[in-house]
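*Asks:* Got a structure for you, entry.txt, holding compact mmCIF, C-alpha atoms and all ligand atoms.
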# COMPACT_ATOMS: atom_id res chain seq x y z
CA MET A 37 6.73 24.49 9.30
CA PRO A 38 4.20 21.71 8.86
CA LEU A 39 5.04 18.65 6.82
CA ASN A 40 3.70 19.24 3.30
CA LEU A 41 2.22 15.87 2.62
CA ALA A 42 0.78 14.07 -0.38
CA VAL A 43 -1.15 10.87 0.28
CA ILE A 44 -1.38 8.29 -2.49
CA ALA A 45 -4.17 5.73 -2.16
CA SER A 46 -6.12 3.26 -4.26
CA GLY A 47 -8.83 2.06 -1.92
CA ASP A 48 -11.12 2.87 0.96
CA GLY A 49 -8.83 5.48 2.50
CA SER A 50 -9.27 4.89 6.21
CA ASN A 51 -5.56 5.55 6.79
CA PHE A 52 -5.79 8.74 4.73
CA GLN A 53 -8.65 9.85 6.94
CA ALA A 54 -6.81 8.96 10.14
CA ILE A 55 -3.81 11.05 9.06
CA ALA A 56 -6.06 13.97 8.09
CA GLU A 57 -7.93 13.84 11.38
CA LYS A 58 -4.76 13.80 13.49
CA ALA A 59 -3.53 16.83 11.55
CA ARG A 60 -6.88 18.60 12.03
CA ALA A 61 -6.81 17.82 15.74
CA GLY A 62 -3.35 19.39 16.04
CA PHE A 63 -1.46 16.24 17.06
CA LEU A 64 0.24 15.88 13.68
CA ASP A 65 2.06 18.92 12.37
CA ALA A 66 1.26 18.25 8.73
CA ALA A 67 -0.94 19.58 5.95
CA ILE A 68 -2.23 17.13 3.37
CA ARG A 69 -1.74 19.22 0.24
CA VAL A 70 -3.20 16.64 -2.10
CA LEU A 71 -4.62 13.15 -2.32
CA VAL A 72 -3.55 11.27 -5.45
CA CYS A 73 -5.79 8.33 -6.32
CA ASN A 74 -5.33 5.91 -9.22
CA ARG A 75 -8.73 4.19 -9.08
CA PRO A 76 -11.90 5.92 -10.29
CA GLY A 77 -14.66 5.38 -7.73
CA ALA A 78 -12.34 4.48 -4.85
CA GLY A 79 -13.78 5.26 -1.42
CA VAL A 80 -10.84 7.51 -0.57
CA ILE A 81 -12.06 10.08 -3.13
CA ALA A 82 -15.31 10.72 -1.25
CA ARG A 83 -13.35 10.96 2.00
CA ALA A 84 -11.11 13.67 0.50
CA GLU A 85 -14.16 15.59 -0.72
CA ALA A 86 -15.77 15.41 2.72
CA LEU A 87 -12.54 16.64 4.31
CA GLY A 88 -12.06 19.42 1.75
CA ILE A 89 -8.68 18.04 0.65
CA PRO A 90 -7.75 18.44 -3.04
CA CYS A 91 -7.89 15.16 -4.92
CA VAL A 92 -6.14 14.35 -8.19
CA LEU A 93 -7.46 11.26 -9.93
CA LEU A 94 -5.00 9.66 -12.34
CA ASP A 95 -6.28 6.46 -13.89
CA HIS A 96 -3.25 4.24 -14.47
CA GLU A 97 -5.30 2.06 -16.83
CA ASP A 98 -5.56 4.93 -19.31
CA THR A 99 -2.72 3.80 -21.53
CA SER A 100 -3.35 6.57 -24.06
CA LEU A 101 -2.18 9.02 -21.40
CA TYR A 102 0.32 6.74 -19.66
CA PRO A 103 1.80 4.24 -22.11
CA ARG A 104 4.58 3.31 -19.68
CA ARG A 105 4.61 3.01 -15.93
CA ALA A 106 7.22 5.77 -15.80
CA ASP A 107 4.77 8.12 -17.61
CA PHE A 108 2.17 7.51 -14.94
CA ASP A 109 4.66 8.08 -12.14
CA ARG A 110 5.85 11.28 -13.81
CA ALA A 111 2.23 12.53 -13.80
CA MET A 112 2.01 11.75 -10.08
CA VAL A 113 5.27 13.61 -9.39
CA ASP A 114 3.98 16.64 -11.32
CA ALA A 115 0.63 16.67 -9.48
CA ILE A 116 2.36 16.37 -6.11
CA ARG A 117 4.81 19.19 -6.87
CA GLN A 118 2.05 21.43 -8.24
CA HIS A 119 0.26 21.11 -4.91
CA GLY A 120 3.37 21.98 -2.91
CA ALA A 121 3.94 18.61 -1.23
CA ASP A 122 7.38 17.13 -0.69
CA TRP A 123 6.69 14.19 1.64
CA ILE A 124 4.68 11.21 0.42
CA ALA A 125 2.56 8.78 2.44
CA LEU A 126 1.42 5.68 0.57
CA ALA A 127 -1.81 4.54 2.18
CA GLY A 128 -3.15 1.50 0.41
CA TYR A 129 -1.54 2.33 -2.95
CA MET A 130 -1.59 -1.01 -4.73
CA ARG A 131 1.18 -0.47 -7.27
CA LEU A 132 4.96 -0.46 -7.28
CA LEU A 133 6.66 2.91 -7.62
CA THR A 134 9.29 3.41 -10.30
CA PRO A 135 12.86 4.51 -9.51
CA GLU A 136 11.95 7.81 -11.23
CA PHE A 137 9.30 8.50 -8.61
CA LEU A 138 11.54 7.55 -5.70
CA THR A 139 14.41 9.71 -6.91
CA ALA A 140 12.02 12.68 -7.20
CA PHE A 141 11.43 12.48 -3.42
CA PRO A 142 14.57 10.82 -2.07
CA GLY A 143 14.10 9.36 1.41
CA ARG A 144 10.71 11.05 1.68
CA VAL A 145 8.29 8.28 0.79
CA LEU A 146 6.58 6.23 3.52
CA ASN A 147 4.30 3.21 3.37
CA ILE A 148 2.12 1.24 5.74
CA HIS A 149 1.86 -2.53 5.42
CA PRO A 150 -0.49 -4.92 7.26
CA ALA A 151 2.20 -7.38 8.38
CA LEU A 152 5.36 -7.42 10.42
CA LEU A 153 7.94 -6.74 7.71
CA PRO A 154 10.16 -8.15 6.39
CA SER A 155 7.75 -11.08 6.69
CA PHE A 156 4.78 -11.24 4.33
CA PRO A 157 5.33 -8.42 1.83
CA GLY A 158 2.89 -8.08 -1.06
CA VAL A 159 -0.77 -7.30 -1.56
CA ARG A 160 -2.05 -10.08 0.73
CA GLY A 161 0.22 -9.42 3.72
CA CYS A 162 -2.31 -10.09 6.47
CA ALA A 163 -3.98 -13.05 4.75
CA ASP A 164 -0.61 -14.61 3.93
CA ALA A 165 0.51 -14.30 7.55
CA LEU A 166 -2.66 -15.95 8.83
CA GLY A 167 -2.50 -18.62 6.16
CA TYR A 168 1.05 -19.39 7.25
CA GLY A 169 -0.21 -19.82 10.79
CA VAL A 170 1.70 -17.04 12.52
CA LYS A 171 0.83 -16.47 16.17
CA ILE A 172 1.64 -12.76 16.12
CA ALA A 173 0.35 -10.46 13.36
CA GLY A 174 0.78 -6.74 12.95
CA ALA A 175 1.51 -3.68 10.88
CA THR A 176 4.62 -1.75 9.84
CA VAL A 177 5.32 1.84 8.81
CA HIS A 178 8.52 2.07 6.80
CA PHE A 179 10.47 4.17 4.35
CA VAL A 180 9.98 3.00 0.79
CA GLU A 181 12.67 1.44 -1.34
CA GLU A 182 12.31 0.04 -4.82
CA LYS A 183 11.64 -3.56 -3.82
CA THR A 184 8.06 -4.37 -2.75
CA ASP A 185 7.35 -3.45 0.89
CA SER A 186 11.00 -2.95 1.75
CA GLY A 187 12.86 -0.14 3.45
CA PRO A 188 13.89 0.99 6.95
CA VAL A 189 11.23 0.38 9.60
CA ILE A 190 9.94 3.32 11.64
CA ILE A 191 7.30 1.71 13.86
CA GLN A 192 5.57 -1.66 14.22
CA ALA A 193 2.46 -2.80 16.06
CA ALA A 194 1.94 -6.46 16.94
CA ILE A 195 -1.08 -8.42 18.15
CA PRO A 196 -1.40 -12.01 19.32
CA ILE A 197 -3.68 -14.31 17.33
CA SER A 198 -6.00 -16.65 19.15
CA SER A 199 -7.86 -19.69 17.85
CA GLY A 200 -11.16 -17.78 17.59
CA ASP A 201 -9.71 -15.12 15.31
CA THR A 202 -10.66 -14.83 11.64
CA LEU A 203 -9.08 -12.88 8.81
CA ASN A 204 -11.83 -10.33 9.31
CA SER A 205 -11.27 -9.89 13.04
CA ILE A 206 -7.49 -9.64 12.64
CA THR A 207 -7.79 -7.22 9.74
CA GLN A 208 -10.02 -4.96 11.80
CA ARG A 209 -7.65 -4.93 14.77
CA ILE A 210 -4.67 -4.26 12.52
CA HIS A 211 -6.50 -1.46 10.76
CA ALA A 212 -7.30 0.22 14.08
CA LEU A 213 -3.61 0.10 15.00
CA GLU A 214 -2.57 1.39 11.58
CA HIS A 215 -4.69 4.48 12.18
CA ARG A 216 -2.55 5.23 15.22
CA ILE A 217 0.96 4.28 14.13
CA TYR A 218 0.93 6.02 10.74
CA PRO A 219 0.13 9.52 12.06
CA GLN A 220 2.64 8.93 14.89
CA ALA A 221 5.43 8.04 12.45
CA LEU A 222 4.65 11.14 10.42
CA GLN A 223 4.72 13.30 13.54
CA TRP A 224 8.18 12.00 14.45
CA ILE A 225 9.31 13.13 11.01
CA ALA A 226 7.49 16.47 11.27
CA SER A 227 9.21 17.17 14.57
CA GLY A 228 12.63 16.20 13.22
CA ARG A 229 13.05 13.34 15.67
CA LEU A 230 14.00 10.47 13.39
CA ALA A 231 17.64 9.49 13.32
CA ARG A 232 19.25 6.89 11.09
CA LEU A 233 21.92 4.63 12.55
CA GLY A 234 23.68 1.41 11.75
CA GLU A 235 25.08 0.02 8.56
CA ASN A 236 23.84 2.05 5.57
CA ASP A 237 21.73 4.26 7.87
CA ARG A 238 19.00 1.62 7.91
CA VAL A 239 18.21 1.55 11.61
CA ILE A 240 15.71 4.22 12.57
CA THR A 241 15.57 5.57 16.11
CA ILE A 242 13.52 8.33 17.68
CA ARG A 243 15.39 10.99 19.57
CA PRO A 244 15.60 11.87 22.33
CA ASP A 245 14.54 8.49 23.68
CA ALA A 246 14.02 9.91 27.14
CA GLN A 247 11.02 11.89 25.96
CA LEU A 248 9.20 8.81 24.71
CA ARG A 249 6.53 8.20 27.28
CA GLY A 250 5.39 4.71 26.45
CA ARG A 251 1.91 3.64 27.49
CA GLU A 252 0.66 0.20 28.39
CA GLU A 253 -1.49 -0.97 25.50
CA PRO A 254 -4.01 -3.72 26.23
CA GLY A 255 -3.70 -6.60 23.79
CA CYS A 256 -0.91 -5.26 21.61
CA LEU A 257 2.72 -4.27 21.53
CA ILE A 258 3.76 -1.07 19.75
CA SER A 259 7.40 -0.18 19.31
CA PRO A 260 8.59 2.53 19.63
CA PRO A 261 5.71 3.36 21.99
CA LEU A 262 3.05 5.84 20.93
CA GLU A 263 2.99 9.27 22.49
CA GLN A 264 -0.01 11.05 23.96
CA GLY A 265 -2.56 11.88 21.29
CA PHE A 266 -1.87 8.81 19.12
C1 LIG B 1 -4.00 -0.99 4.85
O1 LIG B 1 -4.21 -2.21 5.47
C2 LIG B 1 -2.55 -0.78 4.56
O2 LIG B 1 -1.71 -1.42 5.49
C3 LIG B 1 -2.39 -1.41 3.20
O3 LIG B 1 -3.57 -1.13 2.53
C4 LIG B 1 -4.62 -0.95 3.47
C5 LIG B 1 -5.27 0.36 3.17
O4 LIG B 1 -6.45 0.52 3.89
N1 LIG B 1 -1.21 -0.92 2.55
P1 LIG B 1 -7.24 1.90 3.81
O5 LIG B 1 -7.56 2.14 2.33
O6 LIG B 1 -6.37 2.97 4.37
O7 LIG B 1 -8.49 1.70 4.60
With the file now loaded, output its structure as structure tokens.
Ligand code: GRF
*Replies:*
Amino acid sequence: MPLNLAVIASGDGSNFQAIAEKARAGFLDAAIRVLVCNRPGAGVIARAEALGIPCVLLDHEDTSLYPRRADFDRAMVDAIRQHGADWIALAGYMRLLTPEFLTAFPGRVLNIHPALLPSFPGVRGCADALGYGVKIAGATVHFVEEKTDSGPVIIQAAIPISSGDTLNSITQRIHALEHRIYPQALQWIASGRLARLGENDRVITIRPDAQLRGREEPGCLISPPLEQGF
């Protein structure tokens, strides 16, 4: 059974597209049942149209329809259920989810963040890291908990920063890695290979470890290593 996925996005949608393409190519055993977008005119909408993926646009600024944040999240839950999805991938969704949303899909909401969490949560993760002067930047795919950009980590990719780098060059390199680690994390879930260990089940491992064929990656470190096709 493929993973029945809903993607929620607010922006350009390059991660949405990367997930869709890995599914189309057969590397990711998932079907994107619906894209939910909260910003009229966002680039991700045109990408969904081009890919033939149903898109539901819910404008969170329409307070006549959604007087409270919980009303908006309830509308998202309804749209997702109506389309038959029960796993959620946040891909550049620039709002906090309410507890009501998270309890509708317990333990089934993922996010990608352009920094090595738990450092530099928030909407400016990459810029904040560079501004701080970190020497290693990166991206994280994690399960979503109520607090901003928090929750058990599934996979991280890290890159060294050199003196010639700019926010633009780092952002581009991180984006390219995001397009690989997000579909990979979803595929580990689709194939039932995630296990939770440690105190409060917060430590994620991939089983069986022996089948993880790590590859040398020039210029970056990805852990756990990506498999063939990602
Ligand atoms: C990504 O950098 C992701 O880490 C962050 O928002 C950005 C979305 O980019 N959460 P895109 O819209 O997928 O191109």
*Asks:* Once you count only C-alpha atoms and all ligand atoms, which residues end up within 10 Å of ligand LIG 1 (chain B), and could you hand them over as a ChimeraX atom specification?
*Replies:* /A:44-55,78-80,126-130,147-151,157-162,174-177,185,207-208,210-215,218
*Asks:* Neighbouring residues of A:Glu253 were defined as those with any atom within 12 Å, considering all atoms listed in the file; residues of the same chain fewer than 3 positions away were excluded. Please report them as a PDB file with C-alpha atoms, in the coordinates of the input.
*Replies:*
ATOM      1  CA  ALA A 193       2.460  -2.800  16.060  1.00  0.00           C
ATOM      2  CA  ALA A 194       1.940  -6.460  16.940  1.00  0.00           C
ATOM      3  CA  ILE A 195      -1.080  -8.420  18.150  1.00  0.00           C
ATOM      4  CA  LEU A 213      -3.610   0.100  15.000  1.00  0.00           C
ATOM      5  CA  GLY A 250       5.390   4.710  26.450  1.00  0.00           C
ATOM      6  CA  CYS A 256      -0.910  -5.260  21.610  1.00  0.00           C
ATOM      7  CA  LEU A 257       2.720  -4.270  21.530  1.00  0.00           C
ATOM      8  CA  ILE A 258       3.760  -1.070  19.750  1.00  0.00           C
ATOM      9  CA  SER A 259       7.400  -0.180  19.310  1.00  0.00           C
ATOM     10  CA  PRO A 261       5.710   3.360  21.990  1.00  0.00           C
ATOM     11  CA  LEU A 262       3.050   5.840  20.930  1.00  0.00           C
ATOM     12  CA  GLU A 263       2.990   9.270  22.490  1.00  0.00           C
ATOM     13  CA  PHE A 266      -1.870   8.810  19.120  1.00  0.00           C
TER      14      PHE A 266
END
*Asks:* Between atom CA of A:Ala125 and atom CA of A:Thr202, measure the distance and give it in Å to one decimal.
*Replies:*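 Interatomic distance here is 28.6 Å.
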*Asks:* Compare A:Ala165, A:Ser227, A:Val72, A:His119 by their minimum atom-to-atom distance to A:Ile197, counting only C-alpha atoms, and give me the closest one.
*Replies:*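 That would be A:Ala165, the residue with the smallest distance to A:Ile197.
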*Asks:* Tell me, in Å to one decimal, how far atom CA of A:Ile68 is from atom CA of A:Leu41.
*Replies:*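 Spanning atom CA of A:Ile68 to atom CA of A:Leu41 is a straight-line distance of 4.7 Å.
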*Asks:* For A:Pro154, which residue out of A:Trp123, A:Pro135, A:Ser186, A:Ile206 is the nearest one, using all atoms listed in the file?
*Replies:*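 Closest candidate: A:Ser186.
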*Asks:* So which one's closest to A:Pro254, A:Ile81, A:Pro196, A:Asp65, A:Asp114? Using only C-alpha atoms, please.
*Replies:*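 The answer is A:Pro196, which sits nearest to A:Pro254.
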*Asks:* Please measure the separation of atom CA of A:Ile242 and atom CA of A:Pro219, giving the value in Å to one decimal.
*Replies:*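 Between atom CA of A:Ile242 and atom CA of A:Pro219 the gap is 14.6 Å.
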*Asks:* Env of stretch 137-144 of chain A: 8 Å cut, atoms = all atoms listed in the file, seq-sep filter 3 positions within chain, self excluded. Answer as a VMD selection string.
*Replies:* chain A and resid 106 109 to 110 113 122 to 124 133 to 134 179 to 182
*Asks:* Got a sec: who's within 8 Å of A:Gly120, counting only C-alpha atoms, leaving out chain neighbours fewer than 3 positions off, as a PyMOL selection string?
*Replies:* chain A and resi 40+69+116-117
*Asks:* Between A:Gly169, A:Asp98, A:Leu233, A:Ala56, which residue has the minimum interatomic distance to A:Arg83, considering all atoms listed in the file?
*Replies:*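 Among A:Gly169, A:Asp98, A:Leu233, A:Ala56, it is A:Ala56 that comes nearest to A:Arg83.
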*Asks:* Ranking A:Ala163, A:Val170, A:His178, A:Arg75 by minimum distance to A:Glu97 and counting only C-alpha atoms, which one comes first?
*Replies:*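 Closest to A:Glu97, using only C-alpha atoms: A:Arg75.
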*Asks:* Measuring atom to atom with only C-alpha atoms, identify which of A:Leu101, A:Leu71, A:Ala84, A:Leu146 is nearest to A:Ala121.
*Replies:*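 Of all the options, A:Leu71 lies closest to A:Ala121.
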*Asks:* For stretch 191-201 of chain A, I'd like the enclosing box, axis-aligned and padded by 5 Å on every side, reported as AutoDock Vina command-line options with centre and edge lengths in Å to one decimal.
*Replies:*
--center_x -1.9 --center_y -9.0 --center_z 16.6 --size_x 28.5 --size_y 31.4 --size_z 15.5
